[in-house]
Each structure stands twice: as C-alpha cells, then as structure tokens.
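Novice: I have a structure I would like to understand better, so I am pasting it below and will then ask my questions one at a time.
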Amino acid sequence: MRSNNLNEAERVLTICNACRYCEGFCSVFPAMELRRAFTAGDLNYLANLCHNCRGCYYACQYAPPHEFQVNVPQTLARLRLETYRECCRPRLFRSLLNGSAVPVGLVTALATALVLFAARFGGGPGALFETHLGAGAFYRLIPYWAMVLPFTAAAALAILVLGRGLTVFWSATGGNPAEFRDLRAHLHAAWDVLRLRYLEGGGDGCNYPDERFSMSRRYFHHAVFHGFLLCLASTSLAFVYDHLLGRAAPYPVLSWPVALGTLGGLALLIGTGGMIYLKTKMDRAPAAEESFGMDLAFVLLLFAVSLTGLLLLLLRSTPAMGTLLVLHLGCVAGFFLTLPYGKFLHSVYRYAALARNAGEQFRQRAGSAENDPSA
Ligand code: SF4
Ligand code: SF4
C-alpha cells in the first residue's frame with residue numbers, strides 16, 4: 001500500500017502533467033512529462049531531482065488557497081524525507097531520519113564527551129587547560145592513535161554507508177545497473193553539481209528565501225561546497241605531512257595545510273552562516289516543516305566545525321587550545337557519524353537523480369533523432 005506522501009505526490013504531479021506551465025523551470029518537469037503514470041520509484045526519483053527552488057510554487061495558479069492545493073516543493077520535500085528512510089542502511093538506523101535535530105545533537109554531544117574523556121586520560125590531569133607548544137602539541141593532549149583511528153574509521157564508515165545508500169536508491173527508484181554504468185551521464189551530472197547549475201534558475205536564482213528571485217542561496221552553497229573541498233584538501237595534506245614526511249601538527253601559518261584549512265574554514269563559516277540566516281527568513285508555506293530541524297542541525301553542525309577549527313588555529317598557543325581541540329574534534333566526529341543519517345543525503349540522492357536524468361535525456365534525444373524522418 002502506498003504512503004500518504006506518495007499518494008499526494010502522484011495527485012499533484014498528475015495535475016502538473018496536465019498543466020505543464022512550469023516545464024522550463026527545472027529538470028523535474030521534463031522528466032515528469034516522459035511519464036503518463038507514476039510508479040513509487042518514479043515519484044521518489046522526481047522528489048530527489050527537485051532542488052527546492054520554489055519557482056513552481058509562486059508561479060502556480062493552483063497553489064493554496066486554490067482548492068487543488070498544489071504545493072510541489074512541499075510535497076516533494078516530504079517525499080524526500082520518506083525516501084531517506086526507505087533507502088537507509090542499516091535499516092536499524094532509519095528512525096534517526098525522523099526530521100528532527102535531536103539525533104545530530106545527541107550524537108555530537110556524545111562524541112564530544114568521548115573526546116573529552118580521551119583528553120582527560122590521555123593528557124593527564126590539568127593538561128586540558130595548559131599551554132602546549134611546538135610539533136606534536138595536539139598529541140600531548142590526545143594520544144596519536146586516539147585521534148587517527150576513530151576518525152579514519154568514522155569517515156570510512158560514512159563513505160561506505162553513503163555508497164550503499166546510493167545503490168539502494170538507484171534500484172528503489174527503478175534505475176538498472178546498465179544505466180548506473182553510463183559514464184557520460186555521470187560526467188554530465190558531476191559537471192552540473194560542480195557549478196551548481198540548477199541553483200542559478202533561469203539566470204536570476206531561486207525564489208528563496210521568499211517570492212523574490214535571489215542568487216544568495218547559490219552563492220552560499222558555493223561557499224559551503226568549495227570550503228568543504230578546501231578543508232578536505234587541507235586534512236589530506238596534513239595526513240601526508242604527518243604520516244609520510246614525519247612532520248607532526250600543528251603546522252606554521254605559512255604552510256599549505258594551514259592556508260587551505262583557513263580559506264576553507266572561512267568559506268564554510270560564511271556559507272553556513274548565510275544558509276542559517278536564509279533559513280530563519282524563509283517563507284514556510286512551500287516548506288516541509290517536519291524536516292526543518294534535521295536540515296538546520298546539519299548546517300549548524302558544519303558552522304560549528306568551521307568556527308571551532310578557526311578559533312583553534314587562532315588560539316592554539318594559549319591555554320584555550322585544549323578546550324577548542326575537544327570541541328572541534330567532537331563536532332567533526334558528530335559530523336562524520338551523522339553524515340549518512342541527515343540532510344547530507346540530499347547531495348548523494350540528488351546526484352544520483354541528476355545522473356539518471358542525464359541518461360534518460362540522452363536516450364530520449366537519441367530515440368527522437370532515430371524517429372525523425374528528416375534527420
Ligand atoms: S506547479 Fe502549478 S502551474 Fe506549475 S505545472 Fe504544476 S499545476 Fe501547473
Ligand atoms: S521547487 Fe523548483 S526544482 Fe522543485 S519542482 Fe518546483 S521548480 Fe522544480
């Protein structure tokens with residue numbers, strides 16, 4: 001039996017399929033128009049293809065208070081949360097995807113407590129509030145193995161669970177393995193993701209946080225995305241310095257790990273700060289209230305990761321270093337542990353939906369060219 005969210009999505013998209021006023025707005029409408037009826041897989045695929053620009057809500061003559069009550073962004077956002085739960089692996093953890101901020105908050109608090117425990121017993125009494133200087137200063141507080149092993153394991157686990165979720169999503173939305181191997185579709189989708197093409201809308205941006213067109217959402221997403229990549233590059237370089245070159249952290253201000261980490265941290269701070277601000281200002285009518293907490297928790301946690309990282313860099317030669325290191329590592333651990341069970345899933349499933357959409361469009365165009373007698 002279909003869920004209420006699936007039934008509502010089918011009702012709304014059936015109206016849209018007859019109306020088609022919004023067909024140039026995004027990739028959802030052209031993909032919808034290839035179908036006359038919608039399977040559950042189709043609906044989940046279309047829900048994750050939506051990037052919540054809200055253009056179709058403000059343009060719709062059937063939106064509330066019209067009796068048809070067509071609210072595409074809200075309907076698809078509700079269905080996305082259901083998709084996250086359906087594709088969650090291990091299934092045991094699906095209740096974490098309840099849309100609230102509580103799981104992220106609890107896991108991060110627990111992770112911070114564990115890091116504090118490691119610092120208290122690894123560094124010895126009083127070490128947390130002492131000044132530690134020079135190479136290996138961080139390891140005098142938290143032993144090397146306690147810092148490297150759990151964080152590597154948490155990151156590897158997050159990648160494995162997200163990868164498994166991606167394959168589950170692909171088959172649950174009706175995609176087959178041959179389509180998954182379409183390299184051209186993946187390259188097309190990856191290019192769209194890298195330049196955040198869809199957040200540009202028709203050139204004026206999204207209708208976010210309110211009815212007016214604005215590029216702010218796109219700019220803040222760019223800052224978060226590229227800030228995250230810079231931080232990843234910084235951490236990877238620090239790994240090479242530490243493990244291959246034998247140079248223990250912390251590194252000088254004029255070194256590649258610190259320069260990349262500072263730039264990335266600043267970009268993340270600005271991007272997440274801007275996204276939090278937009279969220280507080282957004283029009284709630286096209287939003288799914290039930291996932292608001294989960295979405296906000298993810299951005300807040302990224303904000304905390306970047307803020308504590310930058311403060312740690314700034315105050316690492318003072319007695320505040322220990323407290324900031326514990327807070328930063330606790331936030332980083334919370335981030336990796338909750339990555340597959342929160343808002344980040346949107347990035348993974350949307351990428352899969354974009355790749356599937358690209359393949360579908362390529363095949364559609366190839367089919368049209370074959371059937372065109374003038375070609
Ligand atoms: S959102 Fe409204 S205007 Fe747009 S296609 Fe659907 S029914 Fe038509
Ligand atoms: S909210 Fe934007 S992306 Fe989503 S269906 Fe409407 S126009 Fe497309």
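As shown in the structure tokens, the chain order sets the letters A, B, ...; within each chain, residues go from 1, and ligands are also counted from 1 in the order they appear.
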With only C-alpha atoms and all ligand atoms counted and 12 Å as the cut-off, give the residues of chain A in contact with ligand 1, each with its shortest interatomic distance in Å and the pair that gives it, as a tab-separated table.

Specialist:
```
residue	atom	partner	partner_atom_place_in_ligand_line	distance
A:Ala9	CA	ligand 1	6 (Fe)	11.2
A:Glu10	CA	ligand 1	6 (Fe)	11.7
A:Arg11	CA	ligand 1	7 (S)	10.4
A:Val12	CA	ligand 1	6 (Fe)	7.2
A:Leu13	CA	ligand 1	6 (Fe)	6.8
A:Thr14	CA	ligand 1	6 (Fe)	8.5
A:Ile15	CA	ligand 1	7 (S)	5.4
A:Cys16	CA	ligand 1	6 (Fe)	3.5
A:Asn17	CA	ligand 1	5 (S)	6.6
A:Ala18	CA	ligand 1	8 (Fe)	7.6
A:Cys19	CA	ligand 1	8 (Fe)	4.5
A:Arg20	CA	ligand 1	5 (S)	4.2
A:Tyr21	CA	ligand 1	5 (S)	4.5
A:Cys22	CA	ligand 1	4 (Fe)	4.3
A:Glu23	CA	ligand 1	5 (S)	6.6
A:Gly24	CA	ligand 1	5 (S)	9.7
A:Phe25	CA	ligand 1	4 (Fe)	8.8
A:Cys26	CA	ligand 1	4 (Fe)	10.9
A:Val28	CA	ligand 1	5 (S)	10.2
A:Phe29	CA	ligand 1	5 (S)	7.5
A:Pro30	CA	ligand 1	5 (S)	10.6
A:Met32	CA	ligand 1	5 (S)	10.1
A:Glu33	CA	ligand 1	5 (S)	10.3
A:Arg54	CA	ligand 1	1 (S)	9.5
A:Gly55	CA	ligand 1	1 (S)	8.5
A:Cys56	CA	ligand 1	1 (S)	4.7
A:Tyr57	CA	ligand 1	1 (S)	5.9
A:Tyr58	CA	ligand 1	1 (S)	8.4
A:Ala59	CA	ligand 1	3 (S)	5.9
A:Cys60	CA	ligand 1	3 (S)	3.7
A:Gln61	CA	ligand 1	3 (S)	5.6
A:Tyr62	CA	ligand 1	2 (Fe)	5.4
A:Ala63	CA	ligand 1	2 (Fe)	6.5
A:Pro64	CA	ligand 1	2 (Fe)	10.3
A:His66	CA	ligand 1	2 (Fe)	10.5
A:Glu67	CA	ligand 1	7 (S)	11.9
A:Phe68	CA	ligand 1	7 (S)	8.7
A:Gln69	CA	ligand 1	2 (Fe)	9.3
A:Val70	CA	ligand 1	2 (Fe)	6.2
A:Asn71	CA	ligand 1	1 (S)	7.0
A:Val72	CA	ligand 1	1 (S)	6.0
A:Pro73	CA	ligand 1	1 (S)	8.8
A:Gln74	CA	ligand 1	1 (S)	11.2
A:Thr75	CA	ligand 1	1 (S)	11.0
A:Leu76	CA	ligand 1	1 (S)	11.6
A:Pro286	CA	ligand 1	1 (S)	11.5
```

Novice: Among segment 74-286 of chain A, which ones does DSSP assign to alpha helix (DSSP H) (computed from the backbone)? Answer as a PyMOL selection string.

Specialist: chain A and resi 74-86+102-123+144-172+177-180+183-194+216-243+256-281

Novice: Choose the residue, out of A:Ile270, A:Cys206, A:Leu6, A:Ala285, that has the smallest atom-to-atom separation from Ala40 of chain A; count only C-alpha atoms.

Specialist: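 Ranking A:Ile270, A:Cys206, A:Leu6, A:Ala285 by distance to Ala40 of chain A, first place goes to A:Leu6.
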
Novice: So which residues touch segment 291-293 of chain A within 10 Å, counting only C-alpha atoms, skipping near sequence neighbours fewer than 5 positions away, as JSON, numbers by chain?

Specialist: {"A": [77, 78, 80, 81, 97, 98, 99, 100, 101, 102, 104, 279, 284, 298, 342, 343]}

Novice: Find the distance between atom CA of Ser27 of chain A and atom CA of Leu296 of chain A and write it in Å to one decimal.

Specialist: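 Taking atom CA of Ser27 of chain A as the start and atom CA of Leu296 of chain A as the end point, the length is 25.7 Å.
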
Novice: Just the number, please: distance in Å from atom CA of Gln361 of chain A to atom CA of Leu162 of chain A, one decimal.

Specialist: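 Going from atom CA of Gln361 of chain A over to atom CA of Leu162 of chain A, I get 25.8 Å.
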
Novice: Could you name the residues that touch Tyr341 of chain A at 9 Å or less, counting only C-alpha atoms, but leaving out those on the same chain fewer than 6 positions away, as number ranges by chain?

Specialist: A: 84-85, 88, 93-94, 96-97, 103-104

Novice: Find the residues around Ile276 of chain A up to 9 Å (only C-alpha atoms counted), leave out those fewer than 6 positions away in its own chain, and share them as a list in words.

Specialist: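 Contacts, with the query itself left out: Leu296, Val299, Leu300 and Phe303 of chain A.
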
Novice: I'd like the neighbourhood of segment 179-195 of chain A as a VMD selection string, where a residue qualifies if any of its atoms comes within 9 Å (using only C-alpha atoms), though same-chain residues fewer than 3 positions away should be ignored.

Specialist: chain A and resid 167 170 175 to 176 198 222 225 351 to 360 362

Novice: For ligand 2, which residue out of A:His51, A:Arg36, A:Arg316, A:Arg89 is the nearest one, using only C-alpha atoms and all ligand atoms?

Specialist: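 When distances to ligand 2 are compared using only C-alpha atoms and all ligand atoms, the smallest one comes from A:His51.
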
Novice: Enumerate, in order of chain and increasing residue number, the residues of segment 321-351 of chain A with an atom no farther than 12 Å from segment 42-45 of chain A, each with its shortest atom pair and distance in Å to one decimal, counting only C-alpha atoms, as CSV.

Specialist:
```
residue,atom,partner,partner_atom,distance
A:His346,CA,A:Tyr45,CA,11.8
A:Tyr349,CA,A:Tyr45,CA,8.6
A:Arg350,CA,A:Tyr45,CA,8.6
A:Tyr351,CA,A:Tyr45,CA,10.9
```

Novice: Report the distance between atom CA of Ser368 of chain A and atom CA of Ala31 of chain A in Å, rounded to one decimal place.

Specialist: 15.2 Å

Novice: Determine the nearest neighbour of ligand 2 from the options A:Thr308, A:Thr173, A:Asn52, A:Ser95, counting only C-alpha atoms and all ligand atoms.

Specialist: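 Smallest distance to ligand 2 is found for A:Asn52.
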
Novice: For ligand 2, which of A:Leu245, A:Val115, A:Leu312, A:Ala287 is the closest residue, counting only C-alpha atoms and all ligand atoms?

Specialist: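 Closest to ligand 2, using only C-alpha atoms and all ligand atoms: A:Ala287.
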
Novice: When you count only C-alpha atoms, which of these residues is closest to Glu211 of chain A: A:Asp283, A:Val253, A:Val240, A:Ala137?

Specialist: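 When distances to Glu211 of chain A are compared using only C-alpha atoms, the smallest one comes from A:Asp283.
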
Novice: Within 9 Å of Leu269 of chain A, counting only C-alpha atoms, which residues qualify if same-chain residues fewer than 3 places away don't, as an MDAnalysis selection string?

Specialist: chainID A and resid 223:224 227 264:266 272:274 302:307

Novice: Write the residues you've just listed into a file as an mmCIF file, in the first residue's frame, and include N, CA, C and O atoms for each of them.

Specialist:
```cif
data_model
loop_
_atom_site.group_PDB
_atom_site.id
_atom_site.type_symbol
_atom_site.label_atom_id
_atom_site.label_comp_id
_atom_site.auth_asym_id
_atom_site.auth_seq_id
_atom_site.Cartn_x
_atom_site.Cartn_y
_atom_site.Cartn_z
ATOM 1 N N ALA A 223 29.977 28.612 -1.457
ATOM 2 C CA ALA A 223 30.939 28.809 -0.366
ATOM 3 C C ALA A 223 31.061 27.533 0.470
ATOM 4 O O ALA A 223 32.172 27.110 0.819
ATOM 5 N N VAL A 224 29.930 26.898 0.779
ATOM 6 C CA VAL A 224 29.966 25.673 1.591
ATOM 7 C C VAL A 224 30.660 24.553 0.812
ATOM 8 O O VAL A 224 31.560 23.876 1.329
ATOM 9 N N GLY A 227 34.352 25.426 0.204
ATOM 10 C CA GLY A 227 35.008 25.469 1.515
ATOM 11 C C GLY A 227 35.253 24.066 2.033
ATOM 12 O O GLY A 227 36.326 23.751 2.557
ATOM 13 N N GLY A 264 39.339 27.415 3.531
ATOM 14 C CA GLY A 264 38.156 26.530 3.543
ATOM 15 C C GLY A 264 37.255 26.822 4.724
ATOM 16 O O GLY A 264 36.035 26.878 4.599
ATOM 17 N N GLY A 265 37.880 27.019 5.901
ATOM 18 C CA GLY A 265 37.105 27.285 7.114
ATOM 19 C C GLY A 265 36.322 28.581 6.995
ATOM 20 O O GLY A 265 35.148 28.656 7.382
ATOM 21 N N LEU A 266 36.980 29.615 6.443
ATOM 22 C CA LEU A 266 36.287 30.906 6.279
ATOM 23 C C LEU A 266 35.112 30.772 5.306
ATOM 24 O O LEU A 266 34.019 31.296 5.551
ATOM 25 N N THR A 272 27.756 28.599 5.590
ATOM 26 C CA THR A 272 26.775 28.032 6.529
ATOM 27 C C THR A 272 26.050 29.146 7.292
ATOM 28 O O THR A 272 24.850 29.063 7.531
ATOM 29 N N GLY A 273 26.803 30.205 7.642
ATOM 30 C CA GLY A 273 26.166 31.339 8.332
ATOM 31 C C GLY A 273 25.069 31.944 7.460
ATOM 32 O O GLY A 273 23.965 32.246 7.938
ATOM 33 N N GLY A 274 25.380 32.103 6.170
ATOM 34 C CA GLY A 274 24.388 32.655 5.239
ATOM 35 C C GLY A 274 23.181 31.738 5.085
ATOM 36 O O GLY A 274 22.032 32.200 5.052
ATOM 37 N N LEU A 302 27.942 22.039 10.683
ATOM 38 C CA LEU A 302 29.035 22.464 9.790
ATOM 39 C C LEU A 302 29.566 23.837 10.220
ATOM 40 O O LEU A 302 30.767 24.100 10.164
ATOM 41 N N PHE A 303 28.659 24.706 10.645
ATOM 42 C CA PHE A 303 29.048 26.034 11.133
ATOM 43 C C PHE A 303 29.945 25.865 12.369
ATOM 44 O O PHE A 303 30.991 26.517 12.484
ATOM 45 N N ALA A 304 29.542 24.973 13.277
ATOM 46 C CA ALA A 304 30.326 24.751 14.499
ATOM 47 C C ALA A 304 31.692 24.153 14.168
ATOM 48 O O ALA A 304 32.700 24.515 14.784
ATOM 49 N N VAL A 305 31.740 23.247 13.171
ATOM 50 C CA VAL A 305 33.024 22.648 12.769
ATOM 51 C C VAL A 305 33.973 23.748 12.289
ATOM 52 O O VAL A 305 35.137 23.814 12.698
ATOM 53 N N SER A 306 33.466 24.641 11.430
ATOM 54 C CA SER A 306 34.348 25.675 10.881
ATOM 55 C C SER A 306 34.720 26.704 11.947
ATOM 56 O O SER A 306 35.877 27.129 12.028
ATOM 57 N N LEU A 307 33.773 27.081 12.796
ATOM 58 C CA LEU A 307 34.060 28.088 13.828
ATOM 59 C C LEU A 307 35.098 27.568 14.832
ATOM 60 O O LEU A 307 36.089 28.256 15.134
#
```
